[in-house]
file target_18.cif (mmCIF, N, CA and C atoms)
data_model
#
loop_
_atom_site.label_atom_id
_atom_site.label_comp_id
_atom_site.auth_asym_id
_atom_site.auth_seq_id
_atom_site.Cartn_x
_atom_site.Cartn_y
_atom_site.Cartn_z
N MET A 2 -16.97 -5.59 19.75
CA MET A 2 -16.63 -4.29 20.27
C MET A 2 -17.91 -3.48 20.44
N PRO A 3 -18.09 -2.84 21.60
CA PRO A 3 -19.28 -2.03 21.82
C PRO A 3 -19.36 -0.87 20.83
N GLU A 4 -20.60 -0.48 20.53
CA GLU A 4 -20.81 0.60 19.56
C GLU A 4 -20.25 1.91 20.10
N GLY A 5 -19.59 2.65 19.24
CA GLY A 5 -19.05 3.93 19.64
C GLY A 5 -17.65 3.86 20.22
N GLU A 6 -17.15 2.68 20.51
CA GLU A 6 -15.80 2.54 21.06
C GLU A 6 -14.80 2.64 19.91
N PRO A 7 -13.76 3.47 20.08
CA PRO A 7 -12.79 3.62 18.98
C PRO A 7 -11.98 2.36 18.77
N LEU A 8 -11.52 2.19 17.53
CA LEU A 8 -10.68 1.04 17.21
C LEU A 8 -9.32 1.16 17.89
N SER A 9 -8.75 0.04 18.22
CA SER A 9 -7.41 0.04 18.81
C SER A 9 -6.40 0.47 17.75
N PHE A 10 -5.20 0.84 18.21
CA PHE A 10 -4.15 1.23 17.28
C PHE A 10 -3.81 0.07 16.35
N GLU A 11 -3.74 -1.14 16.92
CA GLU A 11 -3.41 -2.32 16.10
C GLU A 11 -4.47 -2.55 15.04
N ALA A 12 -5.74 -2.38 15.41
CA ALA A 12 -6.83 -2.58 14.44
C ALA A 12 -6.77 -1.52 13.34
N ARG A 13 -6.46 -0.29 13.70
CA ARG A 13 -6.36 0.77 12.70
C ARG A 13 -5.20 0.52 11.75
N LYS A 14 -4.07 0.07 12.29
CA LYS A 14 -2.91 -0.22 11.42
C LYS A 14 -3.20 -1.43 10.54
N ARG A 15 -3.84 -2.45 11.10
CA ARG A 15 -4.19 -3.64 10.31
C ARG A 15 -5.18 -3.26 9.20
N ASN A 16 -6.15 -2.42 9.52
CA ASN A 16 -7.11 -1.97 8.50
C ASN A 16 -6.42 -1.21 7.38
N ALA A 17 -5.42 -0.40 7.73
CA ALA A 17 -4.68 0.34 6.70
C ALA A 17 -3.92 -0.63 5.80
N LEU A 18 -3.33 -1.67 6.38
CA LEU A 18 -2.61 -2.66 5.56
C LEU A 18 -3.57 -3.42 4.65
N PHE A 19 -4.73 -3.81 5.18
CA PHE A 19 -5.72 -4.49 4.34
C PHE A 19 -6.23 -3.56 3.24
N ALA A 20 -6.39 -2.28 3.57
CA ALA A 20 -6.82 -1.32 2.54
C ALA A 20 -5.76 -1.19 1.45
N LEU A 21 -4.48 -1.17 1.84
CA LEU A 21 -3.41 -1.11 0.84
C LEU A 21 -3.43 -2.35 -0.05
N ALA A 22 -3.67 -3.51 0.55
CA ALA A 22 -3.79 -4.74 -0.24
C ALA A 22 -4.99 -4.66 -1.18
N GLY A 23 -6.08 -4.10 -0.69
CA GLY A 23 -7.27 -3.93 -1.53
C GLY A 23 -7.02 -2.97 -2.68
N VAL A 24 -6.29 -1.91 -2.42
CA VAL A 24 -5.93 -0.95 -3.48
C VAL A 24 -5.10 -1.67 -4.54
N ALA A 25 -4.17 -2.50 -4.09
CA ALA A 25 -3.34 -3.24 -5.06
C ALA A 25 -4.20 -4.17 -5.91
N ALA A 26 -5.17 -4.83 -5.29
CA ALA A 26 -6.04 -5.75 -6.03
C ALA A 26 -6.89 -4.99 -7.04
N VAL A 27 -7.50 -3.90 -6.62
CA VAL A 27 -8.35 -3.11 -7.52
C VAL A 27 -7.50 -2.49 -8.63
N SER A 28 -6.32 -2.02 -8.28
CA SER A 28 -5.43 -1.44 -9.28
C SER A 28 -5.02 -2.48 -10.32
N THR A 29 -4.74 -3.69 -9.87
CA THR A 29 -4.38 -4.77 -10.80
C THR A 29 -5.53 -5.07 -11.75
N LEU A 30 -6.73 -5.15 -11.20
CA LEU A 30 -7.90 -5.40 -12.03
C LEU A 30 -8.12 -4.25 -13.02
N ALA A 31 -7.98 -3.01 -12.54
CA ALA A 31 -8.16 -1.85 -13.43
C ALA A 31 -7.09 -1.82 -14.52
N THR A 32 -5.87 -2.19 -14.17
CA THR A 32 -4.79 -2.24 -15.17
C THR A 32 -5.15 -3.23 -16.27
N TRP A 33 -5.70 -4.36 -15.88
CA TRP A 33 -6.10 -5.37 -16.87
C TRP A 33 -7.27 -4.87 -17.71
N VAL A 34 -8.27 -4.27 -17.05
CA VAL A 34 -9.45 -3.80 -17.78
C VAL A 34 -9.07 -2.72 -18.79
N PHE A 35 -8.18 -1.82 -18.37
CA PHE A 35 -7.80 -0.69 -19.23
C PHE A 35 -6.50 -0.94 -19.99
N SER A 36 -6.18 -2.19 -20.25
CA SER A 36 -4.90 -2.51 -20.88
C SER A 36 -4.74 -1.87 -22.26
N ASN A 37 -5.83 -1.59 -22.95
CA ASN A 37 -5.75 -0.98 -24.29
C ASN A 37 -6.24 0.46 -24.30
N ASN A 38 -6.32 1.08 -23.13
CA ASN A 38 -6.85 2.43 -23.03
C ASN A 38 -5.85 3.30 -22.26
N GLU A 39 -5.19 4.19 -22.98
CA GLU A 39 -4.14 5.01 -22.37
C GLU A 39 -4.68 5.91 -21.25
N LEU A 40 -5.84 6.52 -21.46
CA LEU A 40 -6.44 7.37 -20.43
C LEU A 40 -6.79 6.55 -19.19
N GLY A 41 -7.36 5.39 -19.40
CA GLY A 41 -7.70 4.51 -18.28
C GLY A 41 -6.48 4.09 -17.49
N GLN A 42 -5.40 3.78 -18.20
CA GLN A 42 -4.14 3.41 -17.55
C GLN A 42 -3.62 4.57 -16.72
N SER A 43 -3.65 5.77 -17.29
CA SER A 43 -3.15 6.96 -16.58
C SER A 43 -3.97 7.25 -15.33
N LEU A 44 -5.28 7.19 -15.46
CA LEU A 44 -6.15 7.42 -14.30
C LEU A 44 -5.93 6.36 -13.23
N THR A 45 -5.77 5.12 -13.64
CA THR A 45 -5.50 4.04 -12.68
C THR A 45 -4.21 4.31 -11.92
N THR A 46 -3.18 4.73 -12.63
CA THR A 46 -1.89 5.02 -11.99
C THR A 46 -2.02 6.15 -10.98
N ILE A 47 -2.69 7.23 -11.36
CA ILE A 47 -2.83 8.39 -10.48
C ILE A 47 -3.68 8.04 -9.26
N LEU A 48 -4.82 7.40 -9.48
CA LEU A 48 -5.69 7.05 -8.35
C LEU A 48 -5.02 6.04 -7.41
N THR A 49 -4.27 5.11 -7.96
CA THR A 49 -3.55 4.15 -7.13
C THR A 49 -2.51 4.85 -6.28
N ALA A 50 -1.76 5.75 -6.88
CA ALA A 50 -0.73 6.48 -6.13
C ALA A 50 -1.34 7.28 -4.99
N VAL A 51 -2.45 7.97 -5.26
CA VAL A 51 -3.11 8.75 -4.20
C VAL A 51 -3.62 7.82 -3.09
N ALA A 52 -4.25 6.72 -3.46
CA ALA A 52 -4.78 5.79 -2.46
C ALA A 52 -3.67 5.17 -1.61
N VAL A 53 -2.55 4.85 -2.23
CA VAL A 53 -1.43 4.26 -1.49
C VAL A 53 -0.86 5.29 -0.51
N ILE A 54 -0.70 6.52 -0.93
CA ILE A 54 -0.18 7.56 -0.04
C ILE A 54 -1.14 7.78 1.13
N VAL A 55 -2.43 7.82 0.86
CA VAL A 55 -3.41 7.98 1.94
C VAL A 55 -3.32 6.80 2.92
N GLY A 56 -3.19 5.59 2.39
CA GLY A 56 -3.05 4.41 3.26
C GLY A 56 -1.80 4.46 4.11
N ILE A 57 -0.68 4.88 3.52
CA ILE A 57 0.57 4.98 4.27
C ILE A 57 0.43 6.06 5.35
N LEU A 58 -0.14 7.21 5.01
CA LEU A 58 -0.33 8.26 6.01
C LEU A 58 -1.24 7.80 7.15
N HIS A 59 -2.30 7.08 6.81
CA HIS A 59 -3.21 6.56 7.84
C HIS A 59 -2.48 5.60 8.76
N TRP A 60 -1.67 4.71 8.19
CA TRP A 60 -0.92 3.76 9.01
C TRP A 60 0.06 4.49 9.91
N CYS A 61 0.80 5.45 9.35
CA CYS A 61 1.78 6.21 10.14
C CYS A 61 1.11 7.00 11.26
N LYS A 62 -0.05 7.57 10.98
CA LYS A 62 -0.77 8.34 12.00
C LYS A 62 -1.17 7.43 13.16
N ALA A 63 -1.71 6.25 12.86
CA ALA A 63 -2.09 5.31 13.92
C ALA A 63 -0.86 4.84 14.70
N ASP A 64 0.22 4.59 13.99
CA ASP A 64 1.45 4.14 14.65
C ASP A 64 2.01 5.24 15.55
N ALA A 65 2.01 6.48 15.06
CA ALA A 65 2.53 7.60 15.85
C ALA A 65 1.68 7.83 17.10
N GLU A 66 0.38 7.73 16.95
CA GLU A 66 -0.50 7.89 18.12
C GLU A 66 -0.26 6.78 19.13
N GLU A 67 -0.04 5.57 18.65
CA GLU A 67 0.24 4.45 19.55
C GLU A 67 1.55 4.70 20.32
N ARG A 68 2.54 5.25 19.66
CA ARG A 68 3.84 5.51 20.27
C ARG A 68 3.90 6.86 20.98
N GLU A 69 2.78 7.59 20.90
CA GLU A 69 2.67 8.91 21.53
C GLU A 69 3.73 9.88 21.02
N ILE A 70 3.91 9.89 19.71
CA ILE A 70 4.80 10.86 19.07
C ILE A 70 4.00 11.62 18.03
N GLU A 71 4.53 12.75 17.61
CA GLU A 71 3.85 13.60 16.64
C GLU A 71 4.52 13.46 15.28
N ILE A 72 3.72 13.37 14.24
CA ILE A 72 4.25 13.41 12.87
C ILE A 72 4.18 14.86 12.42
N SER A 73 5.33 15.43 12.13
CA SER A 73 5.37 16.84 11.74
C SER A 73 4.75 17.02 10.35
N HIS A 74 4.40 18.26 10.06
CA HIS A 74 3.86 18.57 8.73
C HIS A 74 4.92 18.30 7.66
N GLY A 75 6.17 18.58 8.00
CA GLY A 75 7.26 18.31 7.06
C GLY A 75 7.37 16.84 6.72
N LEU A 76 7.23 15.96 7.73
CA LEU A 76 7.28 14.52 7.48
C LEU A 76 6.09 14.07 6.65
N ARG A 77 4.94 14.64 6.91
CA ARG A 77 3.76 14.29 6.09
C ARG A 77 3.98 14.66 4.63
N ILE A 78 4.54 15.84 4.40
CA ILE A 78 4.84 16.25 3.02
C ILE A 78 5.90 15.34 2.42
N PHE A 79 6.90 14.96 3.21
CA PHE A 79 7.94 14.04 2.76
C PHE A 79 7.32 12.70 2.37
N ILE A 80 6.37 12.21 3.16
CA ILE A 80 5.68 10.95 2.85
C ILE A 80 4.90 11.09 1.54
N ILE A 81 4.22 12.21 1.37
CA ILE A 81 3.44 12.42 0.15
C ILE A 81 4.33 12.47 -1.09
N LEU A 82 5.47 13.16 -0.98
CA LEU A 82 6.33 13.34 -2.13
C LEU A 82 7.26 12.17 -2.40
N MET A 83 7.77 11.54 -1.34
CA MET A 83 8.79 10.50 -1.51
C MET A 83 8.63 9.41 -0.44
N ALA A 84 7.52 8.70 -0.49
CA ALA A 84 7.21 7.71 0.54
C ALA A 84 8.28 6.64 0.66
N ILE A 85 8.92 6.28 -0.43
CA ILE A 85 9.92 5.21 -0.40
C ILE A 85 11.10 5.58 0.51
N PHE A 86 11.40 6.86 0.65
CA PHE A 86 12.47 7.30 1.55
C PHE A 86 11.91 7.74 2.91
N ALA A 87 10.71 8.28 2.90
CA ALA A 87 10.12 8.82 4.13
C ALA A 87 9.74 7.73 5.13
N LEU A 88 9.26 6.60 4.63
CA LEU A 88 8.84 5.54 5.55
C LEU A 88 10.02 4.96 6.33
N PRO A 89 11.14 4.62 5.69
CA PRO A 89 12.31 4.19 6.49
C PRO A 89 12.78 5.26 7.46
N TYR A 90 12.75 6.52 7.03
CA TYR A 90 13.12 7.63 7.93
C TYR A 90 12.20 7.64 9.16
N TYR A 91 10.89 7.52 8.93
CA TYR A 91 9.93 7.49 10.04
C TYR A 91 10.21 6.30 10.96
N PHE A 92 10.45 5.13 10.38
CA PHE A 92 10.71 3.95 11.20
C PHE A 92 11.93 4.15 12.09
N ILE A 93 13.01 4.66 11.52
CA ILE A 93 14.24 4.85 12.30
C ILE A 93 14.04 5.94 13.36
N LYS A 94 13.34 7.01 12.99
CA LYS A 94 13.09 8.10 13.93
C LYS A 94 12.21 7.64 15.09
N SER A 95 11.21 6.82 14.81
CA SER A 95 10.25 6.43 15.85
C SER A 95 10.68 5.20 16.65
N ARG A 96 11.60 4.38 16.11
CA ARG A 96 11.94 3.12 16.76
C ARG A 96 13.42 2.99 17.13
N GLY A 97 14.24 3.86 16.63
CA GLY A 97 15.68 3.70 16.77
C GLY A 97 16.22 2.95 15.56
N LEU A 98 17.54 2.90 15.44
CA LEU A 98 18.16 2.35 14.24
C LEU A 98 17.84 0.87 14.03
N LYS A 99 18.08 0.04 15.04
CA LYS A 99 17.91 -1.41 14.86
C LYS A 99 16.46 -1.79 14.55
N LYS A 100 15.54 -1.35 15.41
CA LYS A 100 14.13 -1.68 15.19
C LYS A 100 13.58 -0.98 13.96
N GLY A 101 14.12 0.21 13.65
CA GLY A 101 13.70 0.92 12.44
C GLY A 101 14.08 0.17 11.18
N LEU A 102 15.29 -0.39 11.16
CA LEU A 102 15.72 -1.18 10.00
C LEU A 102 14.91 -2.47 9.88
N ILE A 103 14.60 -3.08 11.02
CA ILE A 103 13.75 -4.29 10.99
C ILE A 103 12.37 -3.94 10.45
N SER A 104 11.80 -2.83 10.90
CA SER A 104 10.48 -2.40 10.40
C SER A 104 10.53 -2.07 8.92
N THR A 105 11.63 -1.47 8.48
CA THR A 105 11.79 -1.18 7.05
C THR A 105 11.82 -2.49 6.26
N GLY A 106 12.52 -3.48 6.76
CA GLY A 106 12.56 -4.79 6.11
C GLY A 106 11.19 -5.44 6.05
N LEU A 107 10.43 -5.32 7.13
CA LEU A 107 9.07 -5.89 7.14
C LEU A 107 8.16 -5.16 6.14
N ALA A 108 8.32 -3.83 6.06
CA ALA A 108 7.53 -3.07 5.08
C ALA A 108 7.90 -3.49 3.66
N LEU A 109 9.19 -3.68 3.42
CA LEU A 109 9.64 -4.14 2.11
C LEU A 109 9.08 -5.52 1.80
N LEU A 110 9.07 -6.40 2.78
CA LEU A 110 8.50 -7.73 2.61
C LEU A 110 7.01 -7.65 2.27
N PHE A 111 6.30 -6.75 2.94
CA PHE A 111 4.88 -6.54 2.66
C PHE A 111 4.67 -6.12 1.21
N TRP A 112 5.49 -5.16 0.72
CA TRP A 112 5.34 -4.69 -0.66
C TRP A 112 5.72 -5.76 -1.67
N ILE A 113 6.70 -6.58 -1.34
CA ILE A 113 7.06 -7.69 -2.23
C ILE A 113 5.89 -8.67 -2.32
N LEU A 114 5.27 -8.96 -1.19
CA LEU A 114 4.11 -9.86 -1.18
C LEU A 114 2.96 -9.27 -2.00
N ILE A 115 2.70 -7.98 -1.83
CA ILE A 115 1.64 -7.32 -2.60
C ILE A 115 1.96 -7.38 -4.09
N TYR A 116 3.21 -7.12 -4.45
CA TYR A 116 3.62 -7.17 -5.86
C TYR A 116 3.44 -8.58 -6.42
N PHE A 117 3.84 -9.59 -5.65
CA PHE A 117 3.69 -10.97 -6.10
C PHE A 117 2.22 -11.33 -6.31
N VAL A 118 1.38 -10.96 -5.37
CA VAL A 118 -0.06 -11.26 -5.51
C VAL A 118 -0.62 -10.51 -6.72
N SER A 119 -0.21 -9.27 -6.93
CA SER A 119 -0.68 -8.52 -8.10
C SER A 119 -0.23 -9.17 -9.40
N ALA A 120 1.03 -9.61 -9.42
CA ALA A 120 1.55 -10.27 -10.63
C ALA A 120 0.80 -11.57 -10.90
N MET A 121 0.52 -12.34 -9.86
CA MET A 121 -0.21 -13.60 -10.04
C MET A 121 -1.65 -13.32 -10.49
N THR A 122 -2.23 -12.26 -9.96
CA THR A 122 -3.59 -11.89 -10.39
C THR A 122 -3.60 -11.53 -11.87
N LEU A 123 -2.62 -10.74 -12.29
CA LEU A 123 -2.54 -10.40 -13.72
C LEU A 123 -2.32 -11.63 -14.58
N LEU A 124 -1.51 -12.56 -14.10
CA LEU A 124 -1.28 -13.79 -14.85
C LEU A 124 -2.58 -14.57 -15.02
N VAL A 125 -3.32 -14.72 -13.93
CA VAL A 125 -4.60 -15.45 -14.00
C VAL A 125 -5.57 -14.73 -14.93
N LEU A 126 -5.65 -13.40 -14.81
CA LEU A 126 -6.55 -12.65 -15.70
C LEU A 126 -6.13 -12.79 -17.16
N SER A 127 -4.84 -12.80 -17.39
CA SER A 127 -4.34 -12.97 -18.76
C SER A 127 -4.67 -14.36 -19.28
N LEU A 128 -4.57 -15.36 -18.42
CA LEU A 128 -4.93 -16.71 -18.85
C LEU A 128 -6.41 -16.81 -19.17
N VAL A 129 -7.22 -16.16 -18.35
CA VAL A 129 -8.66 -16.18 -18.59
C VAL A 129 -8.97 -15.51 -19.92
N GLU A 130 -8.29 -14.43 -20.21
CA GLU A 130 -8.51 -13.72 -21.46
C GLU A 130 -7.82 -14.42 -22.63
N ASP A 131 -6.97 -15.36 -22.33
CA ASP A 131 -6.25 -16.14 -23.32
C ASP A 131 -5.21 -15.32 -24.09
N ARG A 132 -4.57 -14.39 -23.41
CA ARG A 132 -3.51 -13.63 -24.05
C ARG A 132 -2.24 -14.44 -24.20
N LEU A 133 -2.05 -15.45 -23.34
CA LEU A 133 -0.83 -16.24 -23.41
C LEU A 133 -0.93 -17.37 -24.42
N GLY A 134 -2.08 -17.59 -25.00
CA GLY A 134 -2.26 -18.60 -26.02
C GLY A 134 -2.24 -20.02 -25.48
N ILE A 135 -2.49 -20.18 -24.20
CA ILE A 135 -2.48 -21.53 -23.60
C ILE A 135 -3.73 -22.31 -24.03
N PHE A 136 -4.87 -21.62 -24.13
CA PHE A 136 -6.10 -22.28 -24.52
C PHE A 136 -6.35 -22.02 -26.01
N VAL A 137 -5.72 -22.80 -26.84
CA VAL A 137 -5.82 -22.61 -28.28
C VAL A 137 -7.17 -23.17 -28.75
N LYS A 138 -7.86 -22.40 -29.62
CA LYS A 138 -9.16 -22.84 -30.13
C LYS A 138 -8.99 -23.82 -31.25
#
call {"tool": "encode", "arguments": {"input": "target_18.cif", "output": "structure tokens"}}
result
Amino acid sequence: MPEGEPLSFEARKRNALFALAGVAAVSTLATWVFSNNELGQSLTTILTAVAVIVGILHWCKADAEEREIEISHGLRIFIILMAIFALPYYFIKSRGLKKGLISTGLALLFWILIYFVSAMTLLVLSLVEDRLGIFVK
């Protein structure tokens, strides 16, 4: 891509999804690192929540620009406060009922995949640390 040329809508949305996956990976690692530190756990939770909301807003903004629709300030606040309900609402509003429900299903599938990868990462980290007692001395 030539220098100075803006990213396509698809590239911006893909980057937001990769960033969300990266947030999940870093959050998982931080959860493991701070497993015995209450303050560290709390900070990890807060920073993860903020990063996820920013990623969702970034994705929605790119999607809305691609579809040439406006995201109202009310919807942005709704996303910040209750993303789990706001994202399906946005999908249905921007795509219609059928495609909105399909998009909601795909988003749910994405989060299930992220959760699975995070759980597997924690399992591997736990095995490395020998919390499961598999590598007995």
call {"tool": "atom_distance", "arguments": {"input": "target_18.cif", "atom1": "atom CA of A:Leu8", "atom2": "atom CA of A:Tyr116"}}
result
28.4 Å
call {"tool": "resolve_selection", "arguments": {"input": "target_18.cif", "expression": "the PyMOL selection byres (((chain A and resi 32 and name CA) around 12) and name CA)", "output": "PyMOL selection string"}}
result
chain A and resi 24-31+33-49+119-120+122-123+126-127
call {"tool": "atom_distance", "arguments": {"input": "target_18.cif", "atom1": "atom CA of A:Pro89", "atom2": "atom CA of A:Leu109"}}
result
9.8 Å
call {"tool": "residues_around", "arguments": {"input": "target_18.cif", "residues": "A:Ala20", "least_positions_apart": "3", "cutoff": "12 Å", "atoms": "only C-alpha atoms", "output": "MDAnalysis selection string"}}
result
chainID A and resid 12:17 23:28 49 52:57 59:60 115
call {"tool": "closest_residue", "arguments": {"input": "target_18.cif", "among": "A:Leu110, A:Phe79, A:Arg68, A:Met121", "to": "A:Ser95", "atoms": "all atoms listed in the file"}}
result
A:Arg68
call {"tool": "atom_distance", "arguments": {"input": "target_18.cif", "atom1": "atom CA of A:Lys99", "atom2": "atom CA of A:Phe117"}}
result
27.1 Å
call {"tool": "axis_aligned_box", "arguments": {"input": "target_18.cif", "around": "stretch 76-85 of chain A", "padding_each_side": "6 Å", "output": "JSON"}}
result
{"center_x": 7.3, "center_y": 10.7, "center_z": 2.7, "size_x": 19.7, "size_y": 23.0, "size_z": 22.1}
call {"tool": "residues_around", "arguments": {"input": "target_18.cif", "residues": "stretch 101-108 of chain A", "least_positions_apart": "6", "cutoff": "12 Å", "atoms": "only C-alpha atoms", "output": "PyMOL selection string"}}
result
chain A and resi 18+21+57+60+64+84-95+114-115
call {"tool": "select_by_dssp", "arguments": {"input": "target_18.cif", "residues": "chain A", "states": "alpha helix (DSSP H)", "output": "ChimeraX atom specification"}}
result
/A:10-34,39-68,74-96,98-130
